[in-house]
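work-v2.tsv, holding TSV, C-alpha atoms:
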```
chain	number	residue	atom	x	y	z
M	1	MET	CA	28.49	-63.95	0.28
M	2	THR	CA	25.30	-64.66	-1.67
M	3	THR	CA	22.96	-61.91	-2.85
M	4	GLN	CA	20.35	-63.11	-0.36
M	5	ASN	CA	22.78	-62.65	2.54
M	6	LYS	CA	24.01	-59.17	1.59
M	7	ILE	CA	23.07	-56.35	3.93
M	8	GLN	CA	20.33	-54.36	2.29
M	9	PRO	CA	20.35	-50.54	2.19
M	10	ARG	CA	17.83	-48.62	4.26
M	11	GLN	CA	15.83	-45.45	3.84
M	12	LEU	CA	16.97	-42.69	6.18
M	13	GLY	CA	13.72	-40.89	6.88
M	14	SER	CA	10.58	-40.93	4.75
M	15	LYS	CA	11.98	-38.27	2.40
M	16	GLY	CA	15.62	-38.96	3.04
M	17	LEU	CA	18.45	-40.94	1.55
M	18	THR	CA	19.06	-44.59	0.82
M	19	VAL	CA	22.06	-45.54	2.92
M	20	PHE	CA	24.05	-48.53	4.08
M	21	PRO	CA	22.83	-49.19	7.65
M	22	LEU	CA	26.29	-48.60	9.15
M	23	ALA	CA	27.88	-45.15	8.83
M	24	LEU	CA	31.46	-44.04	9.43
M	25	GLY	CA	31.96	-41.32	12.02
M	26	CYS	CA	35.18	-39.45	11.26
M	27	MET	CA	35.55	-37.30	14.39
M	28	GLY	CA	38.31	-39.46	15.87
M	29	MET	CA	40.46	-38.87	12.81
M	30	SER	CA	41.09	-35.28	13.90
M	31	GLY	CA	42.45	-35.67	17.38
M	32	MET	CA	39.35	-35.92	19.53
M	33	TYR	CA	40.48	-39.28	20.90
M	34	GLY	CA	44.18	-38.47	20.76
M	35	ALA	CA	46.71	-38.50	17.95
M	36	ALA	CA	45.62	-39.95	14.60
M	37	ASP	CA	47.53	-40.94	11.47
M	38	GLU	CA	46.26	-39.10	8.37
M	39	ASN	CA	47.31	-41.76	5.88
M	40	GLU	CA	45.63	-44.46	7.94
M	41	SER	CA	42.50	-42.31	8.29
M	42	ILE	CA	42.25	-41.71	4.55
M	43	ALA	CA	42.80	-45.42	3.88
M	44	THR	CA	40.02	-46.23	6.37
M	45	ILE	CA	37.55	-43.88	4.69
M	46	GLN	CA	38.37	-45.22	1.24
M	47	ALA	CA	38.15	-48.84	2.38
M	48	ALA	CA	34.77	-48.16	3.99
M	49	LEU	CA	33.41	-46.64	0.78
M	50	ASP	CA	34.86	-49.41	-1.38
M	51	HIS	CA	33.15	-52.01	0.83
M	52	GLY	CA	29.70	-50.45	0.61
M	53	ILE	CA	29.47	-47.93	3.47
M	54	THR	CA	27.93	-44.76	2.08
M	55	LEU	CA	27.44	-42.20	4.87
M	56	LEU	CA	30.40	-40.27	6.30
M	57	ASP	CA	29.76	-38.07	9.33
M	58	THR	CA	31.82	-35.03	10.22
M	59	GLY	CA	31.60	-31.58	11.78
M	60	ASP	CA	33.15	-28.36	10.52
M	61	PHE	CA	34.61	-27.90	14.01
M	62	TYR	CA	36.32	-31.31	14.19
M	63	GLY	CA	39.94	-30.29	14.26
M	64	SER	CA	38.79	-26.76	13.31
M	65	GLY	CA	38.28	-27.81	9.70
M	66	HIS	CA	40.95	-30.52	9.59
M	67	ASN	CA	38.38	-33.32	9.43
M	68	GLU	CA	36.61	-31.86	6.41
M	69	MET	CA	39.90	-31.38	4.55
M	70	LEU	CA	40.83	-34.98	5.38
M	71	ILE	CA	37.53	-36.29	4.04
M	72	GLY	CA	37.92	-34.10	0.97
M	73	ARG	CA	41.20	-35.80	0.12
M	74	ALA	CA	39.77	-39.24	0.80
M	75	ILE	CA	36.69	-38.87	-1.43
M	76	LYS	CA	38.31	-36.92	-4.25
M	77	ASP	CA	37.98	-39.86	-6.65
M	78	ARG	CA	35.07	-41.51	-4.82
M	79	ARG	CA	32.50	-38.70	-4.54
M	80	ASP	CA	29.88	-40.84	-6.27
M	81	LYS	CA	30.16	-43.39	-3.44
M	82	ALA	CA	30.04	-40.94	-0.53
M	83	LEU	CA	27.15	-39.24	1.24
M	84	VAL	CA	28.57	-36.56	3.52
M	85	SER	CA	26.80	-35.42	6.69
M	86	VAL	CA	28.15	-32.19	8.23
M	87	LYS	CA	27.39	-30.65	11.61
M	88	PHE	CA	27.98	-26.94	12.05
M	89	GLY	CA	27.69	-24.19	14.62
M	90	ALA	CA	30.18	-25.07	17.37
M	91	LEU	CA	32.71	-22.29	17.95
M	92	ARG	CA	36.35	-22.98	18.78
M	93	THR	CA	39.45	-21.00	19.73
M	94	PRO	CA	42.93	-21.33	18.16
M	95	ASP	CA	44.06	-23.43	21.12
M	96	GLY	CA	41.17	-25.87	20.64
M	97	GLY	CA	38.82	-24.48	23.27
M	98	TRP	CA	35.03	-24.39	22.98
M	99	ILE	CA	33.28	-21.03	23.21
M	100	GLY	CA	29.67	-21.59	22.27
M	101	ILE	CA	27.28	-22.24	19.41
M	102	ASP	CA	26.14	-19.99	16.57
M	103	THR	CA	23.28	-20.97	14.25
M	104	ARG	CA	22.17	-17.53	13.06
M	105	PRO	CA	21.06	-17.56	9.39
M	106	ALA	CA	24.07	-15.47	8.31
M	107	ALA	CA	26.40	-17.81	10.18
M	108	VAL	CA	24.79	-20.87	8.58
M	109	LYS	CA	25.52	-19.56	5.09
M	110	ASN	CA	29.05	-18.59	6.08
M	111	PHE	CA	29.76	-22.00	7.59
M	112	VAL	CA	28.51	-23.91	4.56
M	113	ALA	CA	30.71	-21.88	2.21
M	114	TYR	CA	33.83	-22.93	4.10
M	115	SER	CA	32.68	-26.56	4.38
M	116	LEU	CA	32.10	-26.86	0.65
M	117	THR	CA	35.60	-25.53	0.01
M	118	ARG	CA	37.31	-27.76	2.56
M	119	LEU	CA	35.46	-30.85	1.37
M	120	GLY	CA	36.03	-30.00	-2.29
M	121	VAL	CA	32.40	-30.69	-3.19
M	122	ASP	CA	29.57	-28.68	-4.76
M	123	HIS	CA	26.94	-29.86	-2.27
M	124	ILE	CA	26.56	-31.40	1.18
M	125	ASP	CA	24.22	-34.39	1.45
M	126	ILE	CA	22.97	-33.77	5.02
M	127	TYR	CA	23.55	-30.48	6.84
M	128	ARG	CA	22.66	-30.08	10.49
M	129	PRO	CA	23.21	-27.74	13.45
M	130	ALA	CA	25.45	-29.51	15.94
M	131	ARG	CA	23.43	-28.34	18.93
M	132	LEU	CA	20.50	-26.08	19.72
M	133	ASP	CA	21.45	-22.40	19.88
M	134	PRO	CA	19.44	-20.90	22.77
M	135	GLN	CA	19.72	-17.46	21.17
M	136	VAL	CA	18.26	-18.43	17.79
M	137	PRO	CA	14.81	-19.91	17.09
M	138	ILE	CA	15.16	-23.27	15.38
M	139	GLU	CA	12.76	-21.99	12.71
M	140	ASP	CA	15.33	-19.35	11.68
M	141	THR	CA	18.13	-21.87	11.45
M	142	ILE	CA	16.13	-24.40	9.45
M	143	GLY	CA	14.81	-21.61	7.25
M	144	ALA	CA	18.38	-20.64	6.36
M	145	ILE	CA	19.30	-24.24	5.52
M	146	THR	CA	16.13	-24.50	3.42
M	147	GLU	CA	17.43	-21.63	1.31
M	148	LEU	CA	20.65	-23.60	0.83
M	149	VAL	CA	18.59	-26.61	-0.28
M	150	THR	CA	16.77	-24.47	-2.81
M	151	ALA	CA	20.08	-23.12	-4.08
M	152	GLY	CA	21.50	-26.65	-4.46
M	153	TYR	CA	24.26	-26.41	-1.86
M	154	VAL	CA	22.53	-28.85	0.53
M	155	ARG	CA	20.45	-31.92	-0.30
M	156	HIS	CA	18.82	-32.82	3.05
M	157	ILE	CA	18.44	-31.30	6.51
M	158	GLY	CA	19.20	-33.12	9.75
M	159	LEU	CA	19.22	-32.37	13.45
M	160	SER	CA	21.54	-33.33	16.29
M	161	GLU	CA	20.88	-33.79	20.01
M	162	VAL	CA	17.59	-31.90	20.30
M	163	GLY	CA	14.30	-32.67	22.03
M	164	ALA	CA	10.85	-33.59	20.77
M	165	ASP	CA	9.47	-30.04	20.65
M	166	THR	CA	12.42	-28.77	18.63
M	167	ILE	CA	12.07	-31.69	16.23
M	168	ARG	CA	8.42	-30.84	15.60
M	169	ARG	CA	9.14	-27.14	15.08
M	170	ALA	CA	12.02	-27.84	12.70
M	171	HIS	CA	10.05	-30.41	10.70
M	172	ALA	CA	7.23	-27.91	10.25
M	173	ILE	CA	9.62	-25.63	8.35
M	174	HIS	CA	11.27	-28.31	6.18
M	175	PRO	CA	11.19	-32.13	6.19
M	176	ILE	CA	13.92	-33.44	8.48
M	177	CYS	CA	15.92	-36.38	7.15
M	178	ASP	CA	17.31	-37.73	10.40
M	179	LEU	CA	18.21	-36.99	14.00
M	180	GLN	CA	21.73	-37.72	15.17
M	181	ILE	CA	21.67	-38.69	18.84
M	182	GLU	CA	23.64	-40.75	21.32
M	183	TYR	CA	21.97	-44.08	22.02
M	184	SER	CA	23.27	-47.22	23.71
M	185	LEU	CA	22.33	-49.77	26.33
M	186	ILE	CA	23.19	-47.25	29.05
M	187	SER	CA	21.97	-44.13	27.19
M	188	ARG	CA	18.34	-44.99	26.48
M	189	SER	CA	16.57	-41.73	27.25
M	190	PRO	CA	15.54	-41.12	23.59
M	191	GLU	CA	13.18	-44.09	23.82
M	192	SER	CA	10.60	-42.31	25.98
M	193	GLU	CA	9.77	-39.14	24.01
M	194	ILE	CA	12.10	-38.63	21.08
M	195	PHE	CA	11.84	-41.92	19.18
M	196	PRO	CA	8.01	-41.89	19.17
M	197	VAL	CA	8.04	-38.40	17.60
M	198	LEU	CA	10.55	-39.49	14.98
M	199	GLU	CA	8.40	-42.49	14.08
M	200	GLU	CA	5.30	-40.30	13.88
M	201	LEU	CA	6.96	-37.79	11.56
M	202	GLY	CA	8.88	-40.30	9.45
M	203	ILE	CA	12.32	-39.07	10.53
M	204	GLY	CA	15.30	-41.40	10.63
M	205	VAL	CA	17.79	-41.93	13.44
M	206	THR	CA	21.57	-41.85	13.12
M	207	ALA	CA	22.64	-43.28	16.46
M	208	TYR	CA	26.17	-42.66	17.68
M	209	GLY	CA	28.05	-43.78	20.77
M	210	VAL	CA	26.39	-47.20	20.56
M	211	LEU	CA	29.16	-48.57	22.79
M	212	SER	CA	28.98	-45.48	25.02
M	213	ARG	CA	32.17	-44.10	23.45
M	214	GLY	CA	34.00	-47.32	24.30
M	215	LEU	CA	32.83	-47.69	27.89
M	216	LEU	CA	30.86	-50.85	27.11
M	217	SER	CA	33.78	-52.41	25.24
M	218	GLY	CA	36.35	-51.71	27.94
M	219	SER	CA	38.11	-48.85	26.15
M	220	ILE	CA	39.38	-46.10	28.44
M	221	PRO	CA	41.06	-42.72	27.79
M	222	ALA	CA	44.75	-43.50	27.61
M	223	THR	CA	46.40	-40.84	25.45
M	224	GLN	CA	46.86	-37.10	25.69
M	225	GLY	CA	44.11	-35.23	23.89
M	226	ASP	CA	41.43	-37.88	24.42
M	227	PHE	CA	38.41	-35.76	25.32
M	228	ARG	CA	36.72	-38.74	26.98
M	229	ALA	CA	38.87	-38.09	30.04
M	230	TYR	CA	36.51	-35.19	30.78
M	231	LEU	CA	33.31	-37.24	30.49
M	232	PRO	CA	31.72	-38.24	33.82
M	233	ARG	CA	31.04	-41.76	32.59
M	234	PHE	CA	34.80	-42.42	32.58
M	235	SER	CA	35.36	-41.09	36.09
M	236	LYS	CA	36.88	-43.43	38.64
M	237	GLU	CA	33.65	-43.41	40.68
M	238	ASN	CA	31.46	-44.41	37.74
M	239	LYS	CA	33.81	-47.17	36.59
M	240	THR	CA	33.81	-48.56	40.12
M	241	LEU	CA	30.01	-48.51	40.13
M	242	LEU	CA	29.89	-50.35	36.81
M	243	ARG	CA	32.15	-53.09	38.18
M	244	ILE	CA	29.95	-53.43	41.25
M	245	ASN	CA	26.78	-53.78	39.14
M	246	ALA	CA	28.33	-56.08	36.55
```

Go ahead and express the file in the form of structure tokens.
Amino acid sequence: MTTQNKIQPRQLGSKGLTVFPLALGCMGMSGMYGAADENESIATIQAALDHGITLLDTGDFYGSGHNEMLIGRAIKDRRDKALVSVKFGALRTPDGGWIGIDTRPAAVKNFVAYSLTRLGVDHIDIYRPARLDPQVPIEDTIGAITELVTAGYVRHIGLSEVGADTIRRAHAIHPICDLQIEYSLISRSPESEIFPVLEELGIGVTAYGVLSRGLLSGSIPATQGDFRAYLPRFSKENKTLLRINA
């Protein structure tokens, strides 16, 4: 590969990070799509970093902390190559259930303390609430993360799956690096209101589910523990409709 043909890094947001344009989402390495092999997962992360991918995405609730510990082992001797993006706020039970979201300022600081320990790092590159907490103004949540930025525990602030108004309100408190949102050929709703606001404010996009979690590539839930079995897009009725319209 010649220098001219190499994929060039991109700026993630006007005040954000320089990243390789393809990131590695690590959620599936902690059981969300069924059983995963830890050694293979660590090898995948390390191979991605060694081949130029820079951004690793995780959530402190992926495997109830398992995913962060996995990443911590994988980047132990590669921290200089890795930019780690962490989502927080989702609450889980010991049996893996989901019981809500908590983005109160005190909770934010508690969550980040555990994430830093599990990851084995002294700072998180992008920190973001996983979802909007209806009980907590976004200004309070972003204000708490801003304090973590000032203290050096967080480098940049991101958002995940929120609307245009929330983006504006958050950005008014502290510059937002990027919005993480699902976007694919059959999930194009961000185009109408959200993407124009991001362009206006100079905020980047980290798109996930670009193959609609495998629907567009023919992947279907086939193993125990694959949460996609609960998604309406994989229902028998919707798959039949897709075949009819194909």

Practice prompt. Quick one: everything within 7 Å of stretch 84-89 of chain M, counting only C-alpha atoms, minus sequence neighbours fewer than 5 positions away in the same chain. Send it as a list in words.
Written response: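 Near neighbours after the sequence-gap exclusion: Leu55, Leu56, Asp57, Thr58, Gly59, Asp60, Phe61, Ile101, Asp102, Thr103, Phe111, Ile124, Asp125, Ile126, Tyr127, Arg128, Pro129 and Ala130 of chain M.
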
Q: Give me the residues within 10 Å of M:Ala23 as a ChimeraX atom specification, counting only C-alpha atoms and dropping any in the same chain fewer than 5 places off.
A: /M:48-49,52-57,83,206-208

Can you tell me, as AutoDock Vina command-line options, the centre and edge lengths (Å, one decimal) of the axis-aligned box enclosing all of stretch 102-106 of chain M's listed atoms after padding each side by 8 Å?
```
--center_x 23.6 --center_y -18.2 --center_z 12.4 --size_x 21.1 --size_y 21.5 --size_z 24.3
```

Could you give me, as a CSV table (one decimal) with C-alpha atoms, in the coordinates of the input, the residues within 6 Å of stretch 158-161 of chain M, counting all atoms listed in the file and dropping anything in the same chain fewer than 2 positions from it?
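Result file is part.csv:
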```csv
chain,number,residue,atom,x,y,z
M,127,TYR,CA,23.6,-30.5,6.8
M,128,ARG,CA,22.7,-30.1,10.5
M,130,ALA,CA,25.4,-29.5,15.9
M,131,ARG,CA,23.4,-28.3,18.9
M,176,ILE,CA,13.9,-33.4,8.5
M,177,CYS,CA,15.9,-36.4,7.2
M,178,ASP,CA,17.3,-37.7,10.4
M,179,LEU,CA,18.2,-37.0,14.0
M,180,GLN,CA,21.7,-37.7,15.2
M,181,ILE,CA,21.7,-38.7,18.8
```

Atom pair atom CA of M:Ala90 + atom CA of M:Leu132, distance 10.0 Å

Expressed in Å, the length from atom CA of M:Tyr62 to atom CA of M:Asp140 is 24.3 Å

Nearest to M:Ile157, chosen from M:Leu91, M:Ile7, M:Leu12, M:Leu185, with all atoms listed in the file counted in the distances: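 Closest candidate: M:Leu12.
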
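Residue nearest M:Asp77 within the list M:Gly120, M:Gly152, M:Pro94, M:Gly25: M:Gly120 [criterion: smallest interatomic distance, only C-alpha atoms].
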
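One distance worth recording is that between atom CA of M:His123 and atom CA of M:Glu147, which is 13.1 Å.
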
Between M:Ala43, M:Gly65, M:Arg73, M:Ile142, smallest distance to M:Arg92 by all atoms listed in the file belongs to M:Gly65

For M:Phe20, the closest of M:Val112, M:Ala82, M:Ile138, M:Ile42 counting all atoms listed in the file is M:Ala82

Across M:Ser14, M:Ser64, M:Thr44, M:Gln8, the smallest distance to M:Met32, with all atoms listed in the file counted, is shown by M:Ser64

Which is closest to M:Pro137 among M:Asn67, M:Ser187, M:Gln46, M:Thr166, if we use all atoms listed in the file?
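Of M:Asn67, M:Ser187, M:Gln46, M:Thr166, the one nearest M:Pro137 is M:Thr166, counting all atoms listed in the file.
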
So that I can see what lies close to M:Pro105, please list as a JSON list (two decimals) with C-alpha atoms, in the frame of the given file the residues with an atom at most 8 Å from it, counting only C-alpha atoms and leaving out residues fewer than 2 positions away in the same chain.
```json
[["chain", "number", "residue", "atom", "x", "y", "z"],
["M", 103, "THR", "CA", 23.28, -20.97, 14.25],
["M", 107, "ALA", "CA", 26.40, -17.81, 10.18],
["M", 108, "VAL", "CA", 24.79, -20.87, 8.58],
["M", 109, "LYS", "CA", 25.52, -19.56, 5.09],
["M", 140, "ASP", "CA", 15.33, -19.35, 11.68],
["M", 141, "THR", "CA", 18.13, -21.87, 11.45],
["M", 143, "GLY", "CA", 14.81, -21.61, 7.25],
["M", 144, "ALA", "CA", 18.38, -20.64, 6.36],
["M", 145, "ILE", "CA", 19.30, -24.24, 5.52]]
```

If I only have part of stretch 127-140 of chain M, can you fill in N, CA, C and O atoms and write it as a short mmCIF file (atom, residue, chain, number, x, y, z; two decimals), in the coordinates of the input?
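The result, stored in selection.cif:
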```cif
data_model
loop_
_atom_site.label_atom_id
_atom_site.label_comp_id
_atom_site.auth_asym_id
_atom_site.auth_seq_id
_atom_site.Cartn_x
_atom_site.Cartn_y
_atom_site.Cartn_z
N TYR M 127 22.98 -31.60 6.09
CA TYR M 127 23.55 -30.48 6.84
C TYR M 127 22.72 -30.28 8.09
O TYR M 127 21.49 -30.25 8.03
N ARG M 128 23.41 -30.12 9.24
CA ARG M 128 22.66 -30.08 10.49
C ARG M 128 23.37 -29.20 11.52
O ARG M 128 24.60 -29.22 11.63
N PRO M 129 22.60 -28.44 12.32
CA PRO M 129 23.21 -27.74 13.45
C PRO M 129 23.68 -28.77 14.47
O PRO M 129 22.98 -29.74 14.77
N ALA M 130 24.88 -28.54 15.01
CA ALA M 130 25.45 -29.51 15.94
C ALA M 130 24.69 -29.57 17.25
O ALA M 130 24.57 -30.63 17.87
N ARG M 131 24.20 -28.43 17.69
CA ARG M 131 23.43 -28.34 18.93
C ARG M 131 22.42 -27.22 18.79
O ARG M 131 22.49 -26.40 17.86
N LEU M 132 21.50 -27.15 19.71
CA LEU M 132 20.50 -26.08 19.72
C LEU M 132 21.14 -24.79 20.22
O LEU M 132 21.79 -24.77 21.27
N ASP M 133 20.97 -23.72 19.47
CA ASP M 133 21.45 -22.40 19.88
C ASP M 133 20.33 -21.72 20.66
O ASP M 133 19.29 -21.39 20.09
N PRO M 134 20.51 -21.49 21.96
CA PRO M 134 19.44 -20.90 22.77
C PRO M 134 19.10 -19.47 22.37
O PRO M 134 18.04 -18.96 22.75
N GLN M 135 19.96 -18.84 21.58
CA GLN M 135 19.72 -17.46 21.17
C GLN M 135 19.01 -17.35 19.82
O GLN M 135 18.64 -16.24 19.42
N VAL M 136 18.82 -18.47 19.15
CA VAL M 136 18.26 -18.43 17.79
C VAL M 136 17.11 -19.42 17.68
O VAL M 136 17.30 -20.61 17.93
N PRO M 137 15.91 -18.97 17.30
CA PRO M 137 14.81 -19.91 17.09
C PRO M 137 15.17 -20.96 16.04
O PRO M 137 15.78 -20.64 15.02
N ILE M 138 14.82 -22.20 16.31
CA ILE M 138 15.16 -23.27 15.38
C ILE M 138 14.55 -23.01 14.01
O ILE M 138 15.10 -23.39 12.97
N GLU M 139 13.40 -22.31 13.98
CA GLU M 139 12.76 -21.99 12.71
C GLU M 139 13.67 -21.13 11.83
O GLU M 139 13.71 -21.29 10.61
N ASP M 140 14.42 -20.21 12.45
CA ASP M 140 15.33 -19.35 11.68
C ASP M 140 16.48 -20.15 11.10
O ASP M 140 16.88 -19.95 9.95
#
```
